[in-house]
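Q: Next up, work_27.txt (compact mmCIF, N, CA and C atoms).
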# COMPACT_ATOMS: atom_id res chain seq x y z
N MET A 497 28.13 42.01 63.64
CA MET A 497 29.20 41.07 63.45
C MET A 497 30.51 41.75 63.82
N PHE A 498 31.34 41.03 64.51
CA PHE A 498 32.65 41.52 64.95
C PHE A 498 33.72 40.71 64.26
N CYS A 499 34.64 41.39 63.59
CA CYS A 499 35.74 40.72 62.89
C CYS A 499 37.06 41.27 63.41
N GLU A 500 38.01 40.39 63.60
CA GLU A 500 39.35 40.80 64.01
C GLU A 500 40.37 39.95 63.25
N ILE A 501 41.56 40.50 63.11
CA ILE A 501 42.62 39.75 62.44
C ILE A 501 42.86 38.46 63.23
N THR A 502 42.88 37.36 62.51
CA THR A 502 43.05 36.05 63.13
C THR A 502 44.44 35.96 63.75
N ARG A 503 44.48 35.58 65.00
CA ARG A 503 45.75 35.52 65.71
C ARG A 503 46.29 34.09 65.85
N LYS A 504 45.41 33.12 65.83
CA LYS A 504 45.85 31.74 66.02
C LYS A 504 45.40 30.89 64.85
N LEU A 505 46.34 30.59 63.99
CA LEU A 505 46.09 29.68 62.87
C LEU A 505 46.94 28.44 63.06
N ASP A 506 46.36 27.29 62.78
CA ASP A 506 47.22 26.11 62.86
C ASP A 506 48.16 26.12 61.66
N GLU A 507 49.20 25.32 61.74
CA GLU A 507 50.24 25.34 60.71
C GLU A 507 49.70 24.99 59.34
N GLN A 508 48.75 24.07 59.28
CA GLN A 508 48.19 23.66 57.99
C GLN A 508 47.40 24.81 57.35
N ALA A 509 46.58 25.51 58.13
CA ALA A 509 45.81 26.64 57.59
C ALA A 509 46.75 27.75 57.13
N LEU A 510 47.76 28.04 57.93
CA LEU A 510 48.73 29.08 57.56
C LEU A 510 49.45 28.70 56.26
N ALA A 511 49.84 27.45 56.14
CA ALA A 511 50.54 27.00 54.93
C ALA A 511 49.63 27.13 53.70
N ARG A 512 48.35 26.83 53.86
CA ARG A 512 47.42 26.94 52.73
C ARG A 512 47.23 28.40 52.31
N ILE A 513 47.15 29.28 53.28
CA ILE A 513 47.01 30.71 52.97
C ILE A 513 48.26 31.22 52.28
N GLN A 514 49.43 30.86 52.82
CA GLN A 514 50.69 31.30 52.21
C GLN A 514 50.86 30.75 50.80
N SER A 515 50.45 29.52 50.58
CA SER A 515 50.53 28.93 49.24
C SER A 515 49.64 29.69 48.26
N LEU A 516 48.43 30.04 48.69
CA LEU A 516 47.54 30.80 47.82
C LEU A 516 48.09 32.20 47.56
N GLU A 517 48.68 32.81 48.58
CA GLU A 517 49.31 34.12 48.39
C GLU A 517 50.37 34.05 47.29
N GLU A 518 51.22 33.04 47.35
CA GLU A 518 52.28 32.88 46.36
C GLU A 518 51.71 32.65 44.97
N ASP A 519 50.68 31.81 44.88
CA ASP A 519 50.06 31.52 43.58
C ASP A 519 49.43 32.77 42.97
N LEU A 520 48.77 33.58 43.80
CA LEU A 520 48.03 34.74 43.31
C LEU A 520 48.87 36.00 43.21
N GLY A 521 49.97 36.05 43.94
CA GLY A 521 50.81 37.24 43.95
C GLY A 521 50.22 38.39 44.74
N VAL A 522 49.41 38.07 45.74
CA VAL A 522 48.84 39.09 46.63
C VAL A 522 49.04 38.64 48.07
N ALA A 523 48.99 39.59 48.98
CA ALA A 523 49.01 39.26 50.41
C ALA A 523 47.58 39.07 50.87
N LEU A 524 47.35 38.10 51.72
CA LEU A 524 46.02 37.85 52.26
C LEU A 524 46.04 38.09 53.76
N VAL A 525 45.05 38.81 54.24
CA VAL A 525 44.89 39.04 55.67
C VAL A 525 43.68 38.23 56.11
N ALA A 526 43.86 37.39 57.13
CA ALA A 526 42.78 36.52 57.60
C ALA A 526 42.06 37.16 58.78
N PHE A 527 40.74 37.17 58.69
CA PHE A 527 39.90 37.70 59.75
C PHE A 527 38.98 36.60 60.27
N SER A 528 38.79 36.58 61.58
CA SER A 528 37.80 35.72 62.22
C SER A 528 36.62 36.60 62.59
N CYS A 529 35.42 36.15 62.25
CA CYS A 529 34.22 36.95 62.50
C CYS A 529 33.25 36.15 63.36
N ARG A 530 32.50 36.88 64.17
CA ARG A 530 31.46 36.24 64.97
C ARG A 530 30.36 37.26 65.24
N SER A 531 29.19 36.74 65.50
CA SER A 531 28.05 37.61 65.80
C SER A 531 28.04 37.93 67.29
N LEU A 532 27.60 39.12 67.61
CA LEU A 532 27.43 39.55 68.99
C LEU A 532 25.96 39.91 69.19
N ASP A 533 25.55 39.99 70.45
CA ASP A 533 24.18 40.47 70.64
C ASP A 533 24.14 41.93 70.20
N PRO A 534 23.00 42.40 69.72
CA PRO A 534 22.92 43.74 69.11
C PRO A 534 23.43 44.88 69.99
N ALA A 535 23.18 44.85 71.28
CA ALA A 535 23.64 45.94 72.16
C ALA A 535 25.17 45.98 72.23
N ARG A 536 25.78 44.83 72.36
CA ARG A 536 27.25 44.77 72.41
C ARG A 536 27.85 45.17 71.07
N GLU A 537 27.19 44.77 69.99
CA GLU A 537 27.70 45.11 68.67
C GLU A 537 27.67 46.62 68.44
N GLU A 538 26.61 47.27 68.85
CA GLU A 538 26.51 48.72 68.68
C GLU A 538 27.57 49.43 69.52
N LYS A 539 27.79 48.99 70.74
CA LYS A 539 28.82 49.59 71.59
C LYS A 539 30.20 49.41 70.95
N LEU A 540 30.48 48.21 70.46
CA LEU A 540 31.76 47.94 69.81
C LEU A 540 31.92 48.79 68.55
N ARG A 541 30.85 48.94 67.77
CA ARG A 541 30.92 49.75 66.55
C ARG A 541 31.30 51.20 66.87
N ARG A 542 30.74 51.75 67.94
CA ARG A 542 31.08 53.13 68.34
C ARG A 542 32.56 53.23 68.72
N ILE A 543 33.04 52.26 69.46
CA ILE A 543 34.45 52.25 69.87
C ILE A 543 35.35 52.15 68.64
N MET A 544 35.01 51.25 67.72
CA MET A 544 35.83 51.07 66.51
C MET A 544 35.81 52.32 65.64
N ASP A 545 34.66 53.00 65.57
CA ASP A 545 34.59 54.25 64.80
C ASP A 545 35.55 55.29 65.36
N GLU A 546 35.67 55.34 66.69
CA GLU A 546 36.59 56.29 67.32
C GLU A 546 38.04 55.93 67.02
N LEU A 547 38.34 54.64 66.95
CA LEU A 547 39.72 54.20 66.70
C LEU A 547 40.14 54.42 65.25
N GLY A 548 39.20 54.37 64.34
CA GLY A 548 39.52 54.51 62.93
C GLY A 548 39.95 53.19 62.33
N PRO A 549 40.24 53.19 61.03
CA PRO A 549 40.59 51.94 60.35
C PRO A 549 41.89 51.35 60.89
N GLN A 550 41.89 50.04 61.05
CA GLN A 550 43.05 49.35 61.59
C GLN A 550 43.95 48.77 60.51
N LEU A 551 43.37 48.45 59.35
CA LEU A 551 44.14 47.87 58.26
C LEU A 551 44.45 48.99 57.28
N GLN A 552 45.71 49.36 57.16
CA GLN A 552 46.11 50.50 56.35
C GLN A 552 46.57 50.11 54.95
N ALA A 553 46.73 48.84 54.66
CA ALA A 553 47.19 48.42 53.33
C ALA A 553 46.07 48.60 52.32
N PRO A 554 46.40 49.06 51.11
CA PRO A 554 45.36 49.19 50.08
C PRO A 554 44.86 47.82 49.65
N VAL A 555 43.58 47.75 49.38
CA VAL A 555 42.96 46.49 48.96
C VAL A 555 43.42 46.17 47.54
N ALA A 556 43.75 44.91 47.31
CA ALA A 556 44.14 44.46 45.98
C ALA A 556 42.88 44.30 45.12
N ASP A 557 43.08 44.14 43.84
CA ASP A 557 41.96 44.00 42.91
C ASP A 557 42.07 42.66 42.18
N PRO A 558 41.72 41.56 42.88
CA PRO A 558 41.85 40.25 42.24
C PRO A 558 40.85 40.09 41.10
N ASP A 559 41.26 39.31 40.09
CA ASP A 559 40.33 39.04 39.00
C ASP A 559 39.34 37.96 39.46
N ASP A 560 38.40 37.62 38.60
CA ASP A 560 37.33 36.68 38.97
C ASP A 560 37.87 35.31 39.37
N GLU A 561 38.87 34.82 38.66
CA GLU A 561 39.44 33.51 38.97
C GLU A 561 40.14 33.55 40.34
N GLN A 562 40.93 34.60 40.58
CA GLN A 562 41.61 34.74 41.87
C GLN A 562 40.58 34.85 43.00
N LEU A 563 39.55 35.63 42.78
CA LEU A 563 38.51 35.81 43.79
C LEU A 563 37.82 34.49 44.10
N ALA A 564 37.57 33.69 43.08
CA ALA A 564 36.94 32.38 43.30
C ALA A 564 37.83 31.49 44.17
N ARG A 565 39.13 31.53 43.93
CA ARG A 565 40.05 30.72 44.73
C ARG A 565 40.11 31.22 46.17
N ILE A 566 40.09 32.54 46.35
CA ILE A 566 40.08 33.10 47.71
C ILE A 566 38.80 32.68 48.43
N ARG A 567 37.67 32.80 47.76
CA ARG A 567 36.39 32.43 48.37
C ARG A 567 36.34 30.95 48.73
N ALA A 568 36.90 30.11 47.87
CA ALA A 568 36.92 28.67 48.16
C ALA A 568 37.72 28.39 49.43
N LEU A 569 38.87 29.03 49.57
CA LEU A 569 39.68 28.81 50.77
C LEU A 569 39.00 29.38 52.00
N GLU A 570 38.33 30.52 51.86
CA GLU A 570 37.55 31.08 52.97
C GLU A 570 36.56 30.04 53.48
N GLY A 571 35.83 29.43 52.56
CA GLY A 571 34.82 28.44 52.95
C GLY A 571 35.43 27.23 53.64
N GLU A 572 36.58 26.79 53.15
CA GLU A 572 37.24 25.63 53.73
C GLU A 572 37.78 25.92 55.12
N LEU A 573 38.30 27.14 55.33
CA LEU A 573 38.94 27.47 56.61
C LEU A 573 37.98 28.15 57.60
N GLY A 574 36.83 28.63 57.11
CA GLY A 574 35.90 29.33 57.99
C GLY A 574 36.42 30.70 58.40
N LEU A 575 37.16 31.34 57.52
CA LEU A 575 37.73 32.66 57.77
C LEU A 575 37.31 33.61 56.67
N THR A 576 37.51 34.89 56.91
CA THR A 576 37.35 35.90 55.87
C THR A 576 38.75 36.32 55.46
N LEU A 577 39.03 36.26 54.16
CA LEU A 577 40.34 36.62 53.64
C LEU A 577 40.22 37.88 52.80
N ILE A 578 41.06 38.85 53.09
CA ILE A 578 41.09 40.11 52.35
C ILE A 578 42.41 40.18 51.60
N ALA A 579 42.33 40.36 50.28
CA ALA A 579 43.53 40.50 49.45
C ALA A 579 43.99 41.96 49.50
N VAL A 580 45.25 42.16 49.86
CA VAL A 580 45.79 43.51 49.94
C VAL A 580 47.04 43.62 49.08
N ASP A 581 47.32 44.85 48.68
CA ASP A 581 48.52 45.13 47.90
C ASP A 581 49.62 45.51 48.88
N ALA A 582 50.40 44.51 49.27
CA ALA A 582 51.44 44.73 50.27
C ALA A 582 52.65 45.46 49.70
N SER A 583 52.76 45.53 48.41
CA SER A 583 53.93 46.17 47.80
C SER A 583 53.93 47.68 47.99
N SER A 584 52.76 48.29 48.20
CA SER A 584 52.72 49.74 48.34
C SER A 584 52.57 50.20 49.79
N SER A 585 52.64 49.29 50.73
CA SER A 585 52.52 49.70 52.15
C SER A 585 53.86 49.90 52.78
Once you've parsed the file, please lay out its structure as structure tokens.

A:
Amino acid sequence: MFCEITRKLDEQALARIQSLEEDLGVALVAFSCRSLDPAREEKLRRIMDELGPQLQAPVADPDDEQLARIRALEGELGLTLIAVDASSS
């Protein structure tokens, strides 16, 4: 599976993510993921390992209720959302 930071969000999706960020008090980073054929995925994994981690913000620690709300929005938007602690970056 290949995931990258989502670059194109429609205004409605962006507004929903921003609203949830405000409600939860965390920053959310949206990722789009897709499957690749195994050979391409292995090649990409090697390249990414050489590059190192791309997201440098520390991961936030949402409680169960916050996590449930994040997961619900993920399902609705078809994205992966990562809660990060933007205050320490």

Q: Just how far from atom N of Phe527 in chain A is CA of Ile501 in chain A, in Å to one decimal?

A: 4.9 Å

Q: For the atom pair atom N of Cys529 in chain A and atom N of Gly574 in chain A, what is the interatomic distance in Å to one decimal place?

A: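 About the pair atom N of Cys529 in chain A and atom N of Gly574 in chain A: they are 9.2 Å apart.
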
Q: Which polymer residues have any atom within 10 Å of an atom of range 509-515 of chain A, counting only C-alpha atoms, with same-chain residues fewer than 4 positions away left out, as a PyMOL selection string?

A: chain A and resi 504-505+519-526+566+569-570+572-573+577

Q: So which one's closest to Ser531 in chain A, A:Leu563, A:Cys499, A:Ala556, A:Met544? Using only N, CA and C atoms, please.

A: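 Result for the nearest residue to Ser531 in chain A: A:Cys499.
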
Q: Just asking: which residues within chain A are helix (DSSP H, G or I) according to DSSP, as a PyMOL selection string?

A: chain A and resi 507-520+534-547+560-573+582-584

Q: Report the distance between CA of Ser583 in chain A and CA of Arg541 in chain A in Å, rounded to one decimal place.

A: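 Separation between CA of Ser583 in chain A and CA of Arg541 in chain A: 29.9 Å.
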
Q: Where does DSSP see strand (DSSP E or B) in chain A, if you list the residues as a list in words?

A: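 Answer for chain A restricted to strand (DSSP E or B) is Phe498, Cys499, Glu500, Ile501, Ala523, Leu524, Val525, Ala526, Phe527, Ser528, Cys529, Arg530, Val555, Thr576, Leu577, Ile578, Ala579 and Val580 of chain A.
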